[in-house]
>>> print(open('entry25.txt').read())   # compact mmCIF, C-alpha atoms
# COMPACT_ATOMS: atom_id res chain seq x y z
CA MET A 1 0.00 0.00 0.00
CA THR A 2 1.46 3.37 -0.96
CA THR A 3 1.50 6.45 1.23
CA SER A 4 -1.29 8.05 -0.79
CA GLN A 5 -3.50 5.00 -0.18
CA ARG A 6 -3.23 5.02 3.62
CA THR A 7 -6.37 5.97 5.51
CA ALA A 8 -7.16 6.85 9.08
CA ALA A 9 -8.78 3.45 9.48
CA ALA A 10 -5.61 1.65 8.45
CA PRO A 11 -2.64 3.72 9.61
CA ASP A 12 0.92 2.77 8.86
CA PRO A 13 2.15 0.45 11.65
CA VAL A 14 5.24 2.58 12.14
CA ALA A 15 3.43 5.92 12.09
CA SER A 16 0.92 4.61 14.61
CA ASP A 17 3.65 4.38 17.23
CA LEU A 18 4.92 7.93 16.74
CA ILE A 19 4.01 10.33 19.53
CA GLY A 20 3.88 13.85 18.17
CA SER A 21 3.84 14.02 14.37
CA GLY A 22 6.04 17.03 13.87
CA VAL A 23 5.02 20.29 12.23
CA GLU A 24 6.04 21.43 8.77
CA GLY A 25 7.76 24.79 8.47
CA GLY A 26 10.99 26.49 9.40
CA LEU A 27 12.44 27.49 12.74
CA GLY A 28 10.35 30.64 12.85
CA ASP A 29 7.18 28.61 12.34
CA GLN A 30 8.21 26.32 15.19
CA VAL A 31 8.78 29.25 17.55
CA SER A 32 5.45 30.78 16.54
CA ALA A 33 3.62 27.47 17.11
CA TRP A 34 5.29 27.08 20.50
CA TRP A 35 4.27 30.60 21.53
CA GLN A 36 0.69 29.93 20.48
CA ARG A 37 0.67 26.81 22.66
CA VAL A 38 1.99 28.81 25.61
CA ARG A 39 -0.67 31.46 25.10
CA GLY A 40 -3.23 28.67 24.97
CA GLY A 41 -2.14 27.44 28.39
CA GLU A 42 0.31 24.64 27.45
CA MET A 43 3.30 26.03 29.33
CA GLY A 44 4.89 22.71 30.26
CA ALA A 45 7.97 23.18 32.40
CA LEU A 46 8.34 26.88 31.54
CA PRO A 47 7.16 28.14 34.97
CA ALA A 48 9.45 25.64 36.73
CA ILE A 49 12.45 26.73 34.66
CA ALA A 50 11.66 30.35 35.47
CA GLY A 51 11.42 29.34 39.13
CA LEU A 52 14.84 27.68 38.97
CA LEU A 53 16.42 30.82 37.55
CA PHE A 54 14.66 33.07 40.07
CA LEU A 55 15.65 30.89 43.05
CA THR A 56 19.25 30.69 41.85
CA VAL A 57 19.53 34.48 41.74
CA LEU A 58 17.59 35.00 44.99
CA PHE A 59 19.50 32.50 47.13
CA GLY A 60 22.77 33.51 45.47
CA ILE A 61 22.20 37.07 46.68
CA LEU A 62 20.95 36.10 50.16
CA ASN A 63 23.72 33.58 50.89
CA PRO A 64 27.09 33.60 49.07
CA TYR A 65 27.62 29.93 49.97
CA PHE A 66 24.67 28.88 47.79
CA LEU A 67 26.52 29.24 44.47
CA THR A 68 29.71 27.48 45.59
CA PRO A 69 30.83 24.20 43.96
CA VAL A 70 30.43 22.27 47.23
CA ASN A 71 26.78 23.32 47.61
CA PHE A 72 26.09 22.60 43.95
CA ALA A 73 27.39 19.04 44.46
CA ASN A 74 25.33 18.74 47.66
CA LEU A 75 22.24 19.85 45.76
CA MET A 76 22.78 17.10 43.18
CA ASN A 77 22.96 14.48 45.93
CA GLN A 78 20.05 15.92 47.91
CA SER A 79 17.73 16.08 44.92
CA ALA A 80 18.46 12.63 43.44
CA ALA A 81 15.88 10.68 45.45
CA LEU A 82 13.21 13.34 44.91
CA VAL A 83 13.92 13.50 41.17
CA VAL A 84 13.48 9.73 40.78
CA LEU A 85 10.36 9.65 42.97
CA GLY A 86 8.84 12.50 40.98
CA MET A 87 9.52 10.60 37.75
CA ALA A 88 7.97 7.47 39.29
CA LEU A 89 4.76 9.33 40.07
CA VAL A 90 4.52 10.69 36.52
CA PHE A 91 3.56 7.21 35.29
CA VAL A 92 0.40 7.20 37.44
CA LEU A 93 -0.33 10.93 37.27
CA LEU A 94 -0.48 10.69 33.47
CA LEU A 95 -3.37 8.27 33.94
CA GLY A 96 -5.16 10.70 36.25
CA GLU A 97 -4.35 8.43 39.21
CA ILE A 98 -2.24 8.91 42.35
CA ASP A 99 0.11 6.80 44.47
CA LEU A 100 0.40 8.09 48.04
CA SER A 101 2.27 4.95 49.12
CA ALA A 102 5.28 5.37 46.84
CA GLY A 103 7.52 6.77 49.58
CA VAL A 104 6.74 4.11 52.19
CA THR A 105 6.96 1.40 49.54
CA GLY A 106 10.57 2.41 49.07
CA GLY A 107 10.98 2.51 52.86
CA VAL A 108 9.65 -1.04 53.37
CA ALA A 109 11.81 -2.30 50.50
CA MET A 110 14.91 -0.72 52.05
CA ALA A 111 13.97 -2.10 55.48
CA THR A 112 13.71 -5.56 53.94
CA PHE A 113 17.07 -5.12 52.24
CA VAL A 114 19.00 -3.91 55.26
CA VAL A 115 17.54 -6.44 57.72
CA LEU A 116 18.24 -9.35 55.38
CA ASN A 117 21.77 -8.11 54.78
CA VAL A 118 22.82 -7.00 58.28
CA LYS A 119 20.77 -9.27 60.51
CA GLY A 120 20.20 -12.24 58.23
CA GLY A 121 23.63 -12.33 56.63
CA VAL A 122 22.20 -12.43 53.09
CA PRO A 123 24.65 -11.08 50.46
CA TRP A 124 23.73 -7.50 49.65
CA PRO A 125 22.90 -8.04 45.92
CA LEU A 126 20.38 -10.76 46.81
CA ALA A 127 19.00 -8.74 49.72
CA LEU A 128 18.61 -5.69 47.49
CA ALA A 129 16.91 -7.77 44.79
CA THR A 130 14.47 -9.00 47.45
CA GLY A 131 13.74 -5.40 48.40
CA PHE A 132 12.98 -4.56 44.78
CA ALA A 133 10.75 -7.64 44.54
CA VAL A 134 8.76 -6.33 47.51
CA GLY A 135 8.34 -2.98 45.75
CA LEU A 136 7.28 -4.53 42.45
CA ALA A 137 4.83 -6.82 44.23
CA THR A 138 3.35 -3.78 45.96
CA GLY A 139 2.88 -2.04 42.62
CA ALA A 140 1.25 -5.17 41.21
CA LEU A 141 -1.15 -5.27 44.16
CA ILE A 142 -2.08 -1.60 43.77
CA GLY A 143 -2.57 -2.04 40.04
CA PHE A 144 -4.82 -5.05 40.58
CA LEU A 145 -6.99 -3.29 43.16
CA VAL A 146 -7.28 -0.13 41.07
CA ALA A 147 -7.54 -1.51 37.53
CA ARG A 148 -9.32 -4.80 38.13
CA VAL A 149 -11.33 -4.36 41.35
CA GLY A 150 -12.07 -0.69 40.68
CA ILE A 151 -11.08 0.83 44.02
CA PRO A 152 -10.00 4.49 43.68
CA SER A 153 -6.22 4.77 43.71
CA PHE A 154 -6.40 7.46 46.40
CA VAL A 155 -8.08 5.01 48.81
CA VAL A 156 -5.82 2.05 48.00
CA THR A 157 -2.57 3.96 48.28
CA LEU A 158 -3.67 5.90 51.35
CA GLY A 159 -4.38 2.58 53.06
CA LEU A 160 -0.95 1.29 52.08
CA PHE A 161 0.63 4.56 53.16
CA LEU A 162 -0.72 3.98 56.65
CA GLY A 163 -0.24 0.22 56.73
CA TYR A 164 3.30 0.18 55.36
CA GLN A 165 4.45 2.55 58.07
CA GLY A 166 3.47 -0.14 60.56
CA LEU A 167 5.09 -2.85 58.44
CA ALA A 168 8.37 -0.94 58.34
CA LEU A 169 8.32 -0.62 62.13
CA LEU A 170 7.71 -4.36 62.46
CA ILE A 171 10.60 -5.17 60.13
CA ILE A 172 13.08 -2.73 61.68
CA GLY A 173 11.74 -2.73 65.22
CA ALA A 174 10.52 0.27 67.21
CA GLY A 175 13.38 2.74 67.54
CA GLY A 176 15.60 0.44 65.53
CA LEU A 177 18.21 1.54 63.01
CA TYR A 178 20.42 -0.57 60.78
CA PRO A 179 23.53 0.72 58.99
CA ILE A 180 24.04 -0.03 55.31
CA ASN A 181 27.19 -2.14 55.20
CA ALA A 182 27.50 -2.44 51.41
CA PRO A 183 30.18 0.02 50.20
CA GLU A 184 28.82 -0.24 46.66
CA VAL A 185 25.43 1.06 47.83
CA ILE A 186 26.97 3.86 49.90
CA ALA A 187 29.06 4.89 46.89
CA LEU A 188 25.89 5.75 44.96
CA GLN A 189 25.54 8.93 46.98
CA ASN A 190 29.09 9.42 48.20
CA GLY A 191 31.27 8.38 45.27
CA ARG A 192 32.52 10.60 42.46
CA LEU A 193 33.59 10.13 38.88
CA PRO A 194 37.19 11.00 37.99
CA VAL A 195 37.62 14.44 36.48
CA TRP A 196 37.81 13.00 32.97
CA GLY A 197 34.73 10.86 33.68
CA GLY A 198 32.48 13.89 33.77
CA TRP A 199 33.54 14.92 30.27
CA VAL A 200 33.07 11.37 29.02
CA MET A 201 29.57 11.41 30.52
CA LEU A 202 28.79 14.66 28.66
CA ALA A 203 30.13 13.24 25.39
CA ILE A 204 27.94 10.15 25.79
CA MET A 205 24.92 12.37 26.48
CA LEU A 206 25.53 14.28 23.26
CA LEU A 207 26.06 11.10 21.24
CA VAL A 208 22.93 9.42 22.63
CA SER A 209 20.80 12.54 22.16
CA GLY A 210 22.07 13.02 18.61
CA ALA A 211 21.61 9.36 17.70
CA THR A 212 18.09 9.34 19.16
CA SER A 213 17.18 12.43 17.15
CA VAL A 214 18.51 10.87 13.93
CA TRP A 215 16.59 7.66 14.67
CA ASP A 216 13.41 9.66 15.28
CA ARG A 217 13.78 11.53 12.01
CA ARG A 218 14.35 8.34 10.03
CA ARG A 219 11.30 6.68 11.59
CA ARG A 220 9.16 9.68 10.68
CA ALA A 221 10.54 9.75 7.14
CA ARG A 222 9.80 6.03 6.65
CA ALA A 223 6.26 6.54 7.95
CA GLY A 224 5.62 9.57 5.78
CA VAL A 225 5.33 11.82 8.83
CA PRO A 226 6.72 15.39 8.55
CA ASN A 227 9.92 16.16 10.44
CA ARG A 228 10.69 19.26 12.39
CA PRO A 229 13.60 21.43 11.13
CA VAL A 230 17.00 19.83 11.68
CA SER A 231 18.13 23.14 13.20
CA LEU A 232 16.12 22.22 16.31
CA VAL A 233 18.32 19.16 16.77
CA TRP A 234 21.45 21.31 16.68
CA ILE A 235 19.91 23.79 19.12
CA LYS A 236 19.08 20.95 21.53
CA LEU A 237 22.61 19.57 21.32
CA PHE A 238 24.05 23.06 21.83
CA VAL A 239 21.94 23.57 24.97
CA ILE A 240 22.99 20.17 26.35
CA ALA A 241 26.64 20.96 25.64
CA LEU A 242 26.40 24.43 27.17
CA VAL A 243 24.48 23.56 30.34
CA GLY A 244 26.13 20.16 30.79
CA GLY A 245 29.60 21.56 30.15
CA ALA A 246 29.10 24.31 32.72
CA ALA A 247 27.83 21.78 35.30
CA VAL A 248 30.73 19.38 34.72
CA ALA A 249 33.26 22.22 34.89
CA VAL A 250 31.89 23.39 38.25
CA LEU A 251 31.69 19.88 39.70
CA ASN A 252 35.27 19.16 38.60
CA LEU A 253 36.54 22.04 40.74
CA ASN A 254 38.19 21.08 44.03
CA ARG A 255 35.53 21.61 46.70
CA SER A 256 37.54 20.31 49.62
CA GLN A 257 38.45 22.48 52.60
CA SER A 258 41.33 20.19 53.54
CA VAL A 259 44.48 18.91 51.84
CA ILE A 260 42.61 15.92 50.37
CA PRO A 261 40.97 17.05 47.10
CA ILE A 262 37.27 16.42 46.49
CA GLU A 263 36.42 16.85 42.85
CA GLY A 264 34.41 15.21 40.09
CA VAL A 265 30.78 14.64 39.17
CA PRO A 266 28.87 12.67 41.84
CA ILE A 267 28.17 9.09 40.70
CA ILE A 268 24.47 9.60 41.33
CA VAL A 269 24.22 12.12 38.46
CA PRO A 270 24.83 9.71 35.54
CA VAL A 271 22.68 7.07 37.29
CA VAL A 272 19.71 9.45 37.46
CA LEU A 273 20.30 10.57 33.86
CA VAL A 274 20.16 6.95 32.64
CA ILE A 275 16.85 6.44 34.46
CA LEU A 276 15.51 9.68 32.97
CA TRP A 277 16.53 8.67 29.44
CA ALA A 278 15.09 5.14 29.73
CA GLY A 279 11.78 6.39 31.14
CA THR A 280 11.52 9.15 28.54
CA PHE A 281 12.21 6.68 25.75
CA LEU A 282 9.45 4.40 27.09
CA LEU A 283 6.85 7.17 27.29
CA ASP A 284 7.78 9.17 24.19
CA ARG A 285 8.84 6.53 21.67
CA THR A 286 6.88 3.34 22.30
CA ARG A 287 3.32 2.15 21.83
CA PHE A 288 3.05 1.70 25.60
CA GLY A 289 3.76 5.39 26.14
CA ARG A 290 1.23 6.40 23.51
CA TYR A 291 -1.40 4.30 25.28
CA VAL A 292 -0.57 5.89 28.65
CA TYR A 293 -1.20 9.38 27.26
CA ALA A 294 -4.35 8.21 25.50
CA ILE A 295 -5.79 6.73 28.70
CA GLY A 296 -4.94 9.88 30.63
CA GLY A 297 -6.68 12.00 28.01
CA ASN A 298 -9.85 9.90 27.84
CA ALA A 299 -9.88 6.39 29.32
CA GLU A 300 -13.24 5.43 27.82
CA ALA A 301 -12.23 6.51 24.33
CA ALA A 302 -8.97 4.58 24.73
CA ARG A 303 -10.89 1.47 25.76
CA ARG A 304 -13.21 1.75 22.75
CA ALA A 305 -10.16 2.14 20.51
CA GLY A 306 -8.98 -1.30 21.62
CA ILE A 307 -6.39 -0.29 24.22
CA LYS A 308 -6.15 -2.67 27.18
CA VAL A 309 -6.71 0.03 29.76
CA ARG A 310 -6.55 -2.27 32.79
CA LEU A 311 -3.25 -3.82 31.72
CA ILE A 312 -1.63 -0.44 31.02
CA LYS A 313 -2.75 0.88 34.40
CA TRP A 314 -1.41 -2.23 36.11
CA TRP A 315 2.00 -1.82 34.50
CA CYS A 316 2.15 1.89 35.35
CA PHE A 317 1.67 1.16 39.05
CA VAL A 318 4.33 -1.56 38.87
CA ILE A 319 6.78 0.84 37.22
CA CYS A 320 5.93 3.55 39.75
CA SER A 321 6.64 1.26 42.71
CA GLY A 322 9.85 -0.02 41.15
CA LEU A 323 11.17 3.50 40.67
CA ALA A 324 9.98 4.39 44.18
CA VAL A 325 12.26 1.64 45.54
CA MET A 326 15.10 3.16 43.51
CA ALA A 327 14.34 6.55 45.08
CA GLY A 328 14.34 4.93 48.53
CA LEU A 329 17.71 3.36 47.77
CA PHE A 330 19.18 6.74 46.86
CA ALA A 331 17.71 8.41 49.95
CA GLN A 332 19.01 5.78 52.37
CA ALA A 333 22.40 5.51 50.65
CA ARG A 334 22.89 9.21 51.31
CA ILE A 335 22.10 8.75 55.02
CA GLY A 336 23.99 5.48 55.31
CA SER A 337 21.32 3.74 57.39
CA VAL A 338 17.66 2.69 57.43
CA ASP A 339 15.13 3.22 60.22
CA GLY A 340 11.43 2.57 60.65
CA ALA A 341 10.44 6.01 59.35
CA ALA A 342 12.18 5.62 55.98
CA GLY A 343 10.17 7.09 53.10
CA ARG A 344 7.40 8.47 55.30
CA ASP A 345 7.78 12.15 54.44
CA ILE A 346 9.03 12.21 50.85
CA VAL A 347 5.98 11.12 48.84
CA LEU A 348 4.10 14.43 49.10
CA SER A 349 7.25 16.23 48.00
CA GLY A 350 7.36 13.84 45.03
CA VAL A 351 3.82 14.76 44.03
CA ALA A 352 4.72 18.42 44.50
CA ALA A 353 7.80 17.98 42.29
CA ALA A 354 5.76 16.52 39.43
CA VAL A 355 3.04 19.16 39.66
CA VAL A 356 5.48 22.06 40.01
CA GLY A 357 7.31 20.76 36.94
CA GLY A 358 4.14 20.93 34.84
CA VAL A 359 2.68 17.41 35.05
CA SER A 360 -1.10 17.69 35.12
CA LEU A 361 -3.03 16.24 38.04
CA PHE A 362 -5.90 15.61 35.61
CA GLY A 363 -3.88 13.19 33.51
CA GLY A 364 -2.70 13.08 29.92
CA ARG A 365 -0.12 15.86 30.07
CA GLY A 366 3.45 15.98 31.29
CA ARG A 367 6.86 14.37 30.81
CA LEU A 368 9.51 12.85 33.03
CA VAL A 369 11.88 15.76 32.51
CA HIS A 370 9.16 18.09 33.83
CA ALA A 371 9.09 16.16 37.12
CA ALA A 372 12.88 16.25 37.27
CA ILE A 373 12.89 20.04 36.88
CA GLY A 374 10.14 20.38 39.48
CA ALA A 375 12.14 18.22 41.89
CA LEU A 376 15.13 20.51 41.44
CA VAL A 377 12.89 23.48 42.32
CA ILE A 378 11.68 21.78 45.53
CA ALA A 379 15.22 20.66 46.43
CA MET A 380 16.56 24.16 45.79
CA ILE A 381 13.93 25.66 48.10
CA ILE A 382 14.86 23.22 50.87
CA ASN A 383 18.56 23.74 50.34
CA GLY A 384 18.38 27.54 50.11
CA LEU A 385 16.11 28.01 53.11
CA GLY A 386 18.34 25.66 55.09
CA LEU A 387 21.36 27.81 54.32
CA LEU A 388 19.43 30.87 55.51
CA ARG A 389 18.77 29.00 58.80
CA LEU A 390 15.05 29.66 58.68
CA ASP A 391 12.59 27.64 60.73
CA ALA A 392 11.28 24.35 59.31
CA GLY A 393 7.81 25.89 59.37
CA ILE A 394 8.88 28.50 56.81
CA ASN A 395 10.20 25.72 54.61
CA LEU A 396 6.86 23.91 54.67
CA LEU A 397 4.90 27.11 54.09
CA VAL A 398 6.98 28.05 51.05
CA THR A 399 6.87 24.54 49.56
CA GLY A 400 3.09 24.33 50.08
CA GLY A 401 2.59 27.73 48.52
CA VAL A 402 4.64 26.78 45.47
CA LEU A 403 2.58 23.59 45.07
CA ILE A 404 -0.73 25.48 45.27
CA LEU A 405 0.56 28.01 42.77
CA ALA A 406 1.62 25.24 40.36
CA ALA A 407 -1.74 23.46 40.69
CA THR A 408 -3.51 26.78 40.04
CA VAL A 409 -1.45 27.34 36.91
CA ASP A 410 -2.34 23.81 35.75
CA ALA A 411 -6.07 24.36 36.33
CA ILE A 412 -6.07 27.75 34.61
CA SER A 413 -4.12 26.39 31.65
CA ARG A 414 -6.71 23.64 31.15
CA LEU A 415 -9.51 26.21 31.31
CA ARG A 416 -7.78 28.33 28.66
CA GLY A 417 -7.19 25.26 26.54
CA GLY A 418 -10.84 24.24 26.82
CA ASN A 419 -9.87 20.85 28.29
CA VAL A 420 -12.00 20.57 31.41
CA ARG A 421 -13.44 17.42 32.89
CA SER A 422 -17.00 17.62 34.12
>>> encode(input="entry25.txt", output="structure tokens")
Amino acid sequence: MTTSQRTAAAPDPVASDLIGSGVEGGLGDQVSAWWQRVRGGEMGALPAIAGLLFLTVLFGILNPYFLTPVNFANLMNQSAALVVLGMALVFVLLLGEIDLSAGVTGGVAMATFVVLNVKGGVPWPLALATGFAVGLATGALIGFLVARVGIPSFVVTLGLFLGYQGLALLIIGAGGLYPINAPEVIALQNGRLPVWGGWVMLAIMLLVSGATSVWDRRRRARAGVPNRPVSLVWIKLFVIALVGGAAVAVLNLNRSQSVIPIEGVPIIVPVVLVILWAGTFLLDRTRFGRYVYAIGGNAEAARRAGIKVRLIKWWCFVICSGLAVMAGLFAQARIGSVDGAAGRDIVLSGVAAAVVGGVSLFGGRGRLVHAAIGALVIAMIINGLGLLRLDAGINLLVTGGVLILAATVDAISRLRGGNVRS
């Protein structure tokens, strides 16, 4: 069948998997189309990016220590767990669902890991795999109760949020605390790449981004789908090189206050970037991702189109819980120990990170990178207010205000776009 013979009823099997068809026209047309989308309420991560810039200038003026290399490295380590948890929640938020148990799921998984390893003598890789199995099983249970039984996700995950706090206490013991004895796990948050390793990481980022863009363009060309101007690819690579190069250069500076040098990109940075790339590839470039967005936009229409809505929802909760365990691993590796309260307080910050980054609470709109940017905003607020030695109450007030503001922007943008659920 030729391209001219294709119909909407029988789309090309390659074109059917493409998310976003591209827009014909030059760079100016692309900018104009983007501005029209912004005026129509589709701002994406633009407010979060503006918030990052504003907070950087504000805290840089209020505290000179904020813009130092040592604090920049600390911010990367502090935000890692929140970034991954925010990305985990995107998978369920895109469906219009919620997972309030994601934080404590990671806590129970880490409690299982550390007790098996320290108290039971189980080798740490096997103990850690068991912890991940607990997290994945939790996601499977949530997915079954939500997608198959029909219980609202808010109710299911709130029940697990409460119940898993008790389970963690039973595993660890009241007032108990176990150290993480695996140096490889501790190194996730405390190790650093060699100075040359940061530049290699940046080169790999550029190569992967460029190769992915070329692959995308070839897929679109084979499917007869219009491509965006190639100049946009070069602009994206330039931005990655500029921002990434500046970050690597700062992190390669010696940030030690003693004779022993401390320099290099924290190991956690490339690990988080790999997770971000893999998750983005899954949502943006696969049929599964297209189905997730379709269900979030209109679940009934997706079901009538032949999409297995229950199965997709089930998998999204499994993925969310799996990434939540990864976030718990990063959080506890930074502390170096696990107690019965692990993961109890972070989940609401994860939801805040996704919403602040531009992920819609109503489903169908948002990307993983948006949650990552939102997590950096939340982490920067916590870090900056901590440096100013303000009360914890101020921290909570500011974070809550930012979340309400972001949710308001989301609601208003949907009203302007005419996309309102009755």
>>> atom_distance(input="entry25.txt", atom1="atom CA of A:Leu85", atom2="atom CA of A:Leu169")
21.8 Å
>>> atom_distance(input="entry25.txt", atom1="atom CA of A:Ile335", atom2="atom CA of A:Gly245")
29.0 Å
>>> closest_residue(input="entry25.txt", among="A:Pro47, A:Ser79, A:Trp234, A:Gly107", to="A:Leu167", atoms="all atoms listed in the file")
A:Gly107
>>> atom_distance(input="entry25.txt", atom1="atom CA of A:Ile319", atom2="atom CA of A:Gly150")
19.2 Å
>>> residues_near_point(input="entry25.txt", point="(1.7, 4.1, 26.7)", cutoff="10 Å", atoms="all atoms listed in the file", output="MDAnalysis selection string")
chainID A and resid 17 19 91 94:95 282:296 307 309 312:313 315:316
>>> closest_atom_pairs(input="entry25.txt", of="stretch 226-340 of chain A", to="stretch 113-134 of chain A", cutoff="12 Å", atoms="all atoms listed in the file", output="Markdown table")
| residue | atom | partner | partner_atom | distance |
| --- | --- | --- | --- | --- |
| A:Val318 | CA | A:Ala133 | CA | 10.5 |
| A:Ile319 | CA | A:Phe132 | CA | 11.2 |
| A:Cys320 | CA | A:Phe132 | CA | 11.9 |
| A:Ser321 | CA | A:Phe132 | CA | 8.9 |
| A:Gly322 | CA | A:Phe132 | CA | 6.6 |
| A:Leu323 | CA | A:Phe132 | CA | 9.2 |
| A:Ala324 | CA | A:Phe132 | CA | 9.5 |
| A:Val325 | CA | A:Phe132 | CA | 6.3 |
| A:Met326 | CA | A:Phe132 | CA | 8.1 |
| A:Ala327 | CA | A:Phe132 | CA | 11.2 |
| A:Gly328 | CA | A:Phe132 | CA | 10.3 |
| A:Leu329 | CA | A:Leu128 | CA | 9.1 |
| A:Gln332 | CA | A:Val114 | CA | 10.1 |
| A:Ala333 | CA | A:Val114 | CA | 11.0 |
| A:Gly336 | CA | A:Val114 | CA | 10.6 |
| A:Ser337 | CA | A:Val114 | CA | 8.3 |
| A:Val338 | CA | A:Val114 | CA | 7.1 |
| A:Asp339 | CA | A:Val114 | CA | 9.5 |
| A:Gly340 | CA | A:Val115 | CA | 11.3 |
>>> write_last_selection(input="entry25.txt", atoms="C-alpha atoms", output="PDB file, in the frame of the given file")
ATOM      1  CA  VAL A 318       4.330  -1.560  38.870  1.00  0.00           C
ATOM      2  CA  ILE A 319       6.780   0.840  37.220  1.00  0.00           C
ATOM      3  CA  CYS A 320       5.930   3.550  39.750  1.00  0.00           C
ATOM      4  CA  SER A 321       6.640   1.260  42.710  1.00  0.00           C
ATOM      5  CA  GLY A 322       9.850  -0.020  41.150  1.00  0.00           C
ATOM      6  CA  LEU A 323      11.170   3.500  40.670  1.00  0.00           C
ATOM      7  CA  ALA A 324       9.980   4.390  44.180  1.00  0.00           C
ATOM      8  CA  VAL A 325      12.260   1.640  45.540  1.00  0.00           C
ATOM      9  CA  MET A 326      15.100   3.160  43.510  1.00  0.00           C
ATOM     10  CA  ALA A 327      14.340   6.550  45.080  1.00  0.00           C
ATOM     11  CA  GLY A 328      14.340   4.930  48.530  1.00  0.00           C
ATOM     12  CA  LEU A 329      17.710   3.360  47.770  1.00  0.00           C
ATOM     13  CA  GLN A 332      19.010   5.780  52.370  1.00  0.00           C
ATOM     14  CA  ALA A 333      22.400   5.510  50.650  1.00  0.00           C
ATOM     15  CA  GLY A 336      23.990   5.480  55.310  1.00  0.00           C
ATOM     16  CA  SER A 337      21.320   3.740  57.390  1.00  0.00           C
ATOM     17  CA  VAL A 338      17.660   2.690  57.430  1.00  0.00           C
ATOM     18  CA  ASP A 339      15.130   3.220  60.220  1.00  0.00           C
ATOM     19  CA  GLY A 340      11.430   2.570  60.650  1.00  0.00           C
TER      20      GLY A 340
END
>>> closest_residue(input="entry25.txt", among="A:Leu100, A:Ala372, A:Val57, A:Ala187", to="A:Leu348", atoms="all atoms listed in the file")
A:Leu100
>>> closest_residue(input="entry25.txt", among="A:Thr399, A:Thr157, A:Ser360, A:Thr105", to="A:Leu136", atoms="only C-alpha atoms")
A:Thr105
>>> closest_residue(input="entry25.txt", among="A:Leu89, A:Ile61, A:Ala50, A:Ala299", to="A:Ala147", atoms="all atoms listed in the file")
A:Ala299
